[in-house]
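Visitor: Input file: work.csv. Contents: CSV, C-alpha atoms.
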chain,number,residue,atom,x,y,z
A,30,MET,CA,0.0,24.0,-2.7
A,31,GLU,CA,1.2,27.6,-1.9
A,32,ASN,CA,4.3,26.2,-0.2
A,33,ASP,CA,5.2,23.8,-3.0
A,34,ARG,CA,8.5,24.5,-4.8
A,35,LEU,CA,8.5,25.7,-8.4
A,36,PHE,CA,11.5,26.6,-10.6
A,37,ASN,CA,10.4,29.9,-12.2
A,38,GLY,CA,13.4,32.1,-12.8
A,39,ILE,CA,15.9,29.2,-12.5
A,40,ALA,CA,14.7,26.7,-15.1
A,41,THR,CA,17.9,26.6,-17.1
A,42,LYS,CA,20.0,26.3,-14.0
A,43,PHE,CA,17.8,23.5,-12.8
A,44,ALA,CA,18.1,21.6,-16.1
A,45,ASP,CA,21.9,22.0,-16.1
A,46,ASN,CA,22.3,21.0,-12.5
A,47,ILE,CA,20.3,17.8,-13.1
A,48,TYR,CA,21.0,16.5,-16.6
A,49,GLY,CA,24.4,18.2,-17.2
A,50,THR,CA,26.0,16.0,-14.5
A,51,THR,CA,26.6,12.3,-14.1
A,52,LYS,CA,24.2,12.2,-11.2
A,53,GLY,CA,21.3,13.3,-13.5
A,54,GLN,CA,22.4,11.1,-16.4
A,55,LEU,CA,22.6,8.0,-14.3
A,56,ARG,CA,19.3,8.8,-12.6
A,57,HIS,CA,17.6,9.1,-16.0
A,58,LEU,CA,19.1,5.8,-17.2
A,59,ILE,CA,18.0,3.9,-14.2
A,60,LEU,CA,14.5,5.3,-14.3
A,61,CYS,CA,14.2,4.3,-18.0
A,62,ASP,CA,15.3,0.8,-17.0
A,63,ALA,CA,12.7,0.7,-14.2
A,64,LEU,CA,9.9,1.8,-16.6
A,65,GLN,CA,10.9,-0.5,-19.5
A,66,PRO,CA,9.1,-3.7,-18.4
A,67,PHE,CA,5.8,-1.8,-18.0
A,68,THR,CA,5.9,0.1,-21.3
A,69,GLN,CA,6.0,-2.7,-23.8
A,70,VAL,CA,2.7,-1.7,-25.5
A,71,PRO,CA,1.5,1.8,-26.5
A,72,LEU,CA,0.2,3.7,-23.5
A,73,SER,CA,-1.5,6.9,-22.7
A,74,ILE,CA,0.8,8.5,-20.2
A,75,LEU,CA,0.5,11.5,-17.9
A,76,GLU,CA,3.7,13.0,-16.6
A,77,VAL,CA,3.2,15.1,-13.4
A,78,GLY,CA,6.0,17.6,-12.8
A,79,GLY,CA,7.6,16.6,-16.0
A,80,GLY,CA,10.0,19.5,-16.0
A,81,THR,CA,12.0,20.1,-19.2
A,82,GLY,CA,10.7,17.0,-20.9
A,83,VAL,CA,13.7,14.6,-20.7
A,84,MET,CA,11.6,11.6,-19.7
A,85,ALA,CA,8.7,12.6,-21.9
A,86,ALA,CA,11.0,12.6,-24.9
A,87,HIS,CA,12.2,9.1,-24.0
A,88,LEU,CA,8.7,7.8,-23.8
A,89,ALA,CA,7.4,9.7,-26.8
A,90,ASP,CA,10.2,8.3,-28.9
A,91,GLN,CA,8.9,4.8,-28.0
A,92,GLY,CA,5.5,5.7,-29.5
A,93,HIS,CA,3.5,6.4,-26.3
A,94,ARG,CA,1.1,9.3,-26.1
A,95,ILE,CA,2.3,11.8,-23.5
A,96,THR,CA,0.7,14.6,-21.6
A,97,LEU,CA,3.4,16.6,-19.7
A,98,THR,CA,2.3,18.9,-16.9
A,99,ASP,CA,4.3,21.2,-14.6
A,100,GLY,CA,3.4,24.1,-12.5
A,101,SER,CA,6.3,26.3,-13.7
A,102,LYS,CA,5.8,28.4,-16.8
A,103,ASP,CA,9.6,28.8,-17.3
A,104,VAL,CA,10.3,25.1,-17.1
A,105,LEU,CA,7.5,24.4,-19.7
A,106,GLU,CA,9.1,26.9,-22.1
A,107,LEU,CA,12.2,24.7,-22.1
A,108,ALA,CA,10.0,21.6,-22.4
A,109,SER,CA,8.2,23.0,-25.4
A,110,ALA,CA,11.5,23.6,-27.2
A,111,ASN,CA,12.9,20.2,-26.2
A,112,LEU,CA,9.7,18.3,-27.4
A,113,ALA,CA,8.9,20.3,-30.5
A,114,ALA,CA,9.7,17.4,-32.8
A,115,PHE,CA,7.1,15.1,-31.2
A,116,SER,CA,3.5,15.2,-32.4
A,117,ASN,CA,2.5,12.7,-29.7
A,118,VAL,CA,3.2,15.1,-26.7
A,119,ASP,CA,0.8,17.6,-25.2
A,120,ILE,CA,2.1,20.2,-22.7
A,121,LYS,CA,0.0,21.8,-20.0
A,122,GLN,CA,0.7,24.2,-17.1
A,123,GLN,CA,-1.0,22.5,-14.2
A,124,TYR,CA,-0.6,21.7,-10.5
A,125,LEU,CA,-1.1,18.1,-9.6
A,126,GLN,CA,-4.2,19.0,-7.5
A,127,ASP,CA,-5.8,20.7,-10.5
A,128,ILE,CA,-5.6,17.7,-12.9
A,129,THR,CA,-9.1,16.3,-13.3
A,130,ASP,CA,-8.6,13.6,-15.9
A,131,ILE,CA,-6.0,11.3,-14.2
A,132,ASP,CA,-8.3,8.3,-14.7
A,133,ALA,CA,-8.0,8.8,-18.5
A,134,TYR,CA,-4.4,7.5,-18.5
A,135,ASP,CA,-2.9,4.1,-18.4
A,136,LEU,CA,0.3,5.3,-16.6
A,137,VAL,CA,1.1,8.3,-14.5
A,138,VAL,CA,4.8,9.3,-14.1
A,139,CYS,CA,5.6,11.3,-11.0
A,140,HIS,CA,9.4,11.5,-10.7
A,141,ALA,CA,11.3,13.7,-8.3
A,142,VAL,CA,8.2,15.7,-7.4
A,143,LEU,CA,7.3,14.6,-3.8
A,144,GLU,CA,10.4,16.2,-2.2
A,145,TRP,CA,9.4,19.6,-3.5
A,146,LEU,CA,5.8,19.4,-2.1
A,147,ASP,CA,4.6,20.7,1.2
A,148,LYS,CA,2.4,17.7,1.7
A,149,PRO,CA,3.8,14.8,-0.3
A,150,PHE,CA,1.7,12.1,1.3
A,151,ASP,CA,-1.4,14.0,0.3
A,152,ALA,CA,-0.2,13.8,-3.2
A,153,ILE,CA,0.2,10.0,-3.1
A,154,ARG,CA,-3.3,9.7,-1.7
A,155,PHE,CA,-4.6,12.0,-4.4
A,156,LEU,CA,-3.0,10.0,-7.1
A,157,TYR,CA,-4.4,6.7,-5.8
A,158,SER,CA,-7.9,8.1,-5.5
A,159,ASN,CA,-7.9,9.4,-9.1
A,160,LEU,CA,-6.1,6.6,-10.9
A,161,LYS,CA,-8.3,4.3,-12.9
A,162,PRO,CA,-8.6,0.8,-11.6
A,163,GLY,CA,-5.6,-1.2,-12.9
A,164,GLY,CA,-3.8,2.1,-13.6
A,165,LEU,CA,0.0,2.3,-13.1
A,166,LEU,CA,2.0,4.9,-11.1
A,167,SER,CA,5.7,5.3,-11.6
A,168,LEU,CA,6.9,7.1,-8.5
A,169,SER,CA,10.4,8.3,-7.6
A,170,PHE,CA,11.5,10.5,-4.8
A,171,PHE,CA,14.6,11.8,-2.9
A,172,ASN,CA,15.5,9.2,-0.3
A,173,ARG,CA,16.0,10.8,3.2
A,174,ASP,CA,17.8,7.7,4.5
A,175,ALA,CA,20.4,7.9,1.7
A,176,ALA,CA,20.8,11.6,2.2
A,177,LEU,CA,21.6,11.0,5.9
A,178,MET,CA,24.1,8.3,5.0
A,179,ALA,CA,25.9,10.4,2.4
A,180,ASN,CA,26.1,13.4,4.8
A,181,ALA,CA,27.5,11.3,7.6
A,182,ILE,CA,30.2,10.0,5.1
A,183,TYR,CA,30.9,13.6,4.2
A,184,GLY,CA,31.1,14.7,7.9
A,185,ASN,CA,28.2,17.1,7.7
A,186,PHE,CA,27.1,16.3,11.2
A,187,GLU,CA,25.7,19.8,12.0
A,188,TYR,CA,23.4,19.4,8.9
A,189,ILE,CA,22.3,16.0,10.2
A,190,GLU,CA,21.6,17.5,13.7
A,191,ARG,CA,19.4,20.1,12.1
A,192,GLY,CA,17.3,17.3,10.6
A,193,LEU,CA,18.8,17.7,7.1
A,194,LYS,CA,17.6,21.3,7.0
A,195,VAL,CA,19.9,24.0,5.6
A,196,LYS,CA,20.3,27.3,7.5
A,197,ASN,CA,19.5,29.3,4.3
A,198,GLN,CA,17.2,27.7,1.8
A,199,VAL,CA,19.0,26.5,-1.3
A,200,LYS,CA,16.7,26.8,-4.3
A,201,LEU,CA,17.8,23.5,-5.8
A,202,ASN,CA,17.9,21.6,-2.5
A,203,PRO,CA,14.9,19.3,-2.0
A,204,GLN,CA,12.9,20.6,0.9
A,205,ASN,CA,11.1,17.4,1.9
A,206,ALA,CA,13.2,14.2,1.6
A,207,LEU,CA,11.2,11.1,2.5
A,208,PRO,CA,12.4,7.8,4.1
A,209,ALA,CA,12.0,5.1,1.5
A,210,LYS,CA,10.5,2.4,3.7
A,211,GLN,CA,7.9,4.9,5.1
A,212,VAL,CA,6.8,5.7,1.5
A,213,VAL,CA,6.6,2.0,0.7
A,214,GLU,CA,4.4,1.3,3.7
A,215,PHE,CA,2.2,4.3,3.0
A,216,CYS,CA,1.6,3.2,-0.6
A,217,GLU,CA,0.8,-0.3,0.5
A,218,ASN,CA,-1.6,1.0,3.2
A,219,SER,CA,-3.2,3.2,0.6
A,220,GLY,CA,-4.1,0.2,-1.5
A,221,PHE,CA,-1.4,0.1,-4.1
A,222,HIS,CA,0.2,-3.1,-5.3
A,223,ILE,CA,4.0,-2.7,-5.4
A,224,LEU,CA,5.2,-4.2,-8.7
A,225,SER,CA,8.9,-3.2,-8.3
A,226,LYS,CA,11.3,-1.3,-6.1
A,227,THR,CA,14.5,0.2,-7.4
A,228,GLY,CA,17.3,2.2,-5.8
A,229,VAL,CA,18.6,5.0,-8.0
A,230,ARG,CA,22.3,5.9,-7.5
A,231,CYS,CA,23.0,3.2,-4.9
A,232,PHE,CA,26.8,3.8,-5.3
A,233,HIS,CA,27.4,6.9,-7.3
A,234,ASP,CA,27.0,9.4,-4.5
A,235,TYR,CA,29.2,7.5,-2.1
A,236,MET,CA,32.3,7.2,-4.3
A,237,LYS,CA,35.5,8.2,-2.5
A,238,ASP,CA,37.0,9.6,-5.7
A,239,ASN,CA,34.4,11.8,-7.4
A,240,SER,CA,36.4,11.8,-10.6
A,241,HIS,CA,35.5,8.1,-11.0
A,242,GLN,CA,31.9,9.2,-11.5
A,243,THR,CA,32.9,10.4,-14.9
A,244,SER,CA,36.0,8.4,-15.8
A,245,LYS,CA,34.4,5.0,-14.8
A,246,PHE,CA,30.9,5.9,-15.7
A,247,ASP,CA,30.1,2.9,-17.8
A,248,GLN,CA,31.4,0.5,-15.2
A,249,LEU,CA,29.4,2.4,-12.5
A,250,VAL,CA,26.2,2.1,-14.6
A,251,SER,CA,26.8,-1.7,-14.9
A,252,VAL,CA,27.2,-2.1,-11.1
A,253,GLU,CA,24.2,0.1,-10.4
A,254,ARG,CA,22.1,-2.0,-12.8
A,255,GLN,CA,23.3,-5.2,-11.2
A,256,TYR,CA,22.4,-4.4,-7.6
A,257,ASN,CA,19.7,-1.7,-7.6
A,258,GLN,CA,16.9,-4.1,-7.0
A,259,THR,CA,18.8,-6.2,-4.6
A,260,GLU,CA,18.8,-6.1,-0.8
A,261,PRO,CA,20.3,-4.2,1.0
A,262,PHE,CA,21.7,-2.0,-1.8
A,263,LEU,CA,18.4,-0.7,-3.2
A,264,TRP,CA,17.7,1.1,0.1
A,265,LEU,CA,20.9,3.1,-0.4
A,266,GLY,CA,19.7,4.8,-3.6
A,267,LYS,CA,19.9,8.6,-3.4
A,268,TYR,CA,16.5,8.4,-5.1
A,269,PHE,CA,14.0,5.6,-4.8
A,270,HIS,CA,11.6,4.3,-7.4
A,271,LEU,CA,8.4,2.4,-7.1
A,272,MET,CA,6.2,1.0,-9.8
A,273,LEU,CA,2.7,0.9,-8.3
A,274,GLN,CA,-0.6,-0.4,-9.5
A,275,LYS,CA,-4.1,0.4,-8.3
A,276,PRO,CA,-6.1,-2.8,-8.0
A,277,ALA,CA,-8.5,-3.6,-10.8
A,278,ALA,CA,-12.2,-2.9,-10.3
A,279,ASN,CA,-13.1,-6.6,-10.0
A,280,GLU,CA,-10.2,-7.4,-7.7
A,281,HIS,CA,-11.0,-8.3,-4.1
A,282,LYS,CA,-8.5,-8.2,-1.3
A,283,VAL,CA,-8.2,-11.4,0.8
Could you express the structure from this file as structure tokens?

Guide:
Amino acid sequence: MENDRLFNGIATKFADNIYGTTKGQLRHLILCDALQPFTQVPLSILEVGGGTGVMAAHLADQGHRITLTDGSKDVLELASANLAAFSNVDIKQQYLQDITDIDAYDLVVCHAVLEWLDKPFDAIRFLYSNLKPGGLLSLSFFNRDAALMANAIYGNFEYIERGLKVKNQVKLNPQNALPAKQVVEFCENSGFHILSKTGVRCFHDYMKDNSHQTSKFDQLVSVERQYNQTEPFLWLGKYFHLMLQKPAANEHKV
């Protein structure tokens, strides 16, 4: 936990870097799409590493009861301002490992958190152990395979040779990208049912003309939505999303 990445001191820069760009806007749209089939009835939702509250606002606006947690005090100050209009949102400064009531929630949202953790697979194991039977986990993470692909296209071969590690740590550069298929296998072996798999930004980050990310954004969103759950394109997503479910208490594996 002491080596996990927080965003104290750079919360505003973090928010601008993510949601002030087409990459963040597209990521949010696709994650909302991925959640939509599983949030048709009012739920009690815990968001782990919820940041400035963009996803919490979306879910709260649908009528769900949200508890947003994050380890960064600075980030939560922005979240408090962004979510001030919602009476159905609680905000807590907590590390994942310190949350003791995970089993009280129908759905846990953990988006873009694993890549900032020193031991991401321990976090998945912790979430599985503490979810209630039948509970849902919405999990997204930075896809190492897609990062390698993009950097090869850009010609960043020295970066690839260093194992996708920068010489000097960049504060907003994920420190622990994970191969999508490895995470899928780990989740299955941990006991989760995989309800859906979605690539997030399967095409956006590979566009030859970056200006098209803005000028053709609506067309890009349409293509992303058409192919982001289709082989082989879903595996190219710069982020990868899994909707997971812990088996019900009365469920027996064959």

Visitor: (23.9, 3.5, -3.9) in this file's frame - what residues fall within 10 Å of it? Use only C-alpha atoms and give the answer as number ranges by chain.

Guide: A: 175, 179, 228-236, 252-253, 256-257, 261-268

Visitor: Nearest to Phe170 in chain A among A:Gln65, A:Asn218, A:Ser116, A:Gln211, with distances taken over all atoms listed in the file: which residue is it?

Guide: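 The closest residue to Phe170 in chain A is A:Gln211.
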
Visitor: Excluding Gln248 in chain A and any residue of its chain fewer than 6 positions from it, enumerate the residues within 12 Å of it, using all atoms listed in the file, and give them as a list in words.

Guide: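 Residues meeting the cut-off are Leu55, Phe232, His233, His241, Gln242, Arg254 and Gln255 of chain A.
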
Visitor: What does the structure give for the distance between CA of Leu207 in chain A and CA of Asn172 in chain A, in Å to one decimal?

Guide: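 Distance reported for this atom pair: 5.5 Å.
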
Visitor: Show me, as a PyMOL selection string, the residues that have an atom within 9 Å of range 79-93 of chain A when counting all atoms listed in the file, minus same-chain residues fewer than 5 positions from it.

Guide: chain A and resi 40+44+48+57+60-61+68+70-74+98-101+104-112+115-118+138-140+142

Visitor: Tell me which of A:Ala141, A:Ala181, A:Ala114, A:Ala278 sits closest to Arg56 in chain A, counting only C-alpha atoms.

Guide: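 Closest to Arg56 in chain A of all the choices is A:Ala141.
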
Visitor: Could you check which of A:His222, A:His270, A:Lys102, A:Lys275 is closest to Gln122 in chain A, using only C-alpha atoms?

Guide: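 When distances to Gln122 in chain A are compared using only C-alpha atoms, the smallest one comes from A:Lys102.
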
Visitor: Tell me, in Å to one decimal, how far CA of Gly220 in chain A is from CA of Asn159 in chain A.

Guide: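 Calculated distance between CA of Gly220 in chain A and CA of Asn159 in chain A is 12.5 Å.
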
Visitor: Name all residues at most 7 Å from Asp119 in chain A (count only C-alpha atoms; drop same-chain ones fewer than 3 positions away) and give them as a VMD selection string.

Guide: chain A and resid 95 to 97

Visitor: Quick one: of A:Gln258, A:Asn180, A:Ser169, A:Thr243, who's nearest to Met272 in chain A, counting only C-alpha atoms?

Guide: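 For Met272 in chain A, the nearest of the given residues is A:Ser169.
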
Visitor: Between A:Ala133, A:Ile182, A:Leu224, A:Leu64, which has the minimum distance to Pro276 in chain A (counting all atoms listed in the file)?

Guide: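 Using all atoms listed in the file, the shortest distance to Pro276 in chain A belongs to A:Leu224.
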
Visitor: Report, in Å with one decimal, the straight-line distance from CA of Thr227 in chain A to CA of Ser244 in chain A.

Guide: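 Result for CA of Thr227 in chain A versus CA of Ser244 in chain A: 24.5 Å, one decimal.
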
Visitor: In terms of the shortest atom-to-atom distance over only C-alpha atoms, which of A:Met178, A:Pro149, A:Ser225, A:Glu190 is closest to Ala206 in chain A?

Guide: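 Closest residue, counting only C-alpha atoms: A:Pro149.
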
Visitor: Show me, as a list of chain:residue names, the residues that have an atom within 12 Å of Tyr188 in chain A when counting only C-alpha atoms, minus same-chain residues fewer than 4 positions from it.

Guide: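 Close residues of Tyr188 in chain A: A:Ala176, A:Leu177, A:Met178, A:Ala179, A:Asn180, A:Ala181, A:Tyr183, A:Gly184, A:Gly192, A:Leu193, A:Lys194, A:Val195, A:Lys196, A:Asn197.
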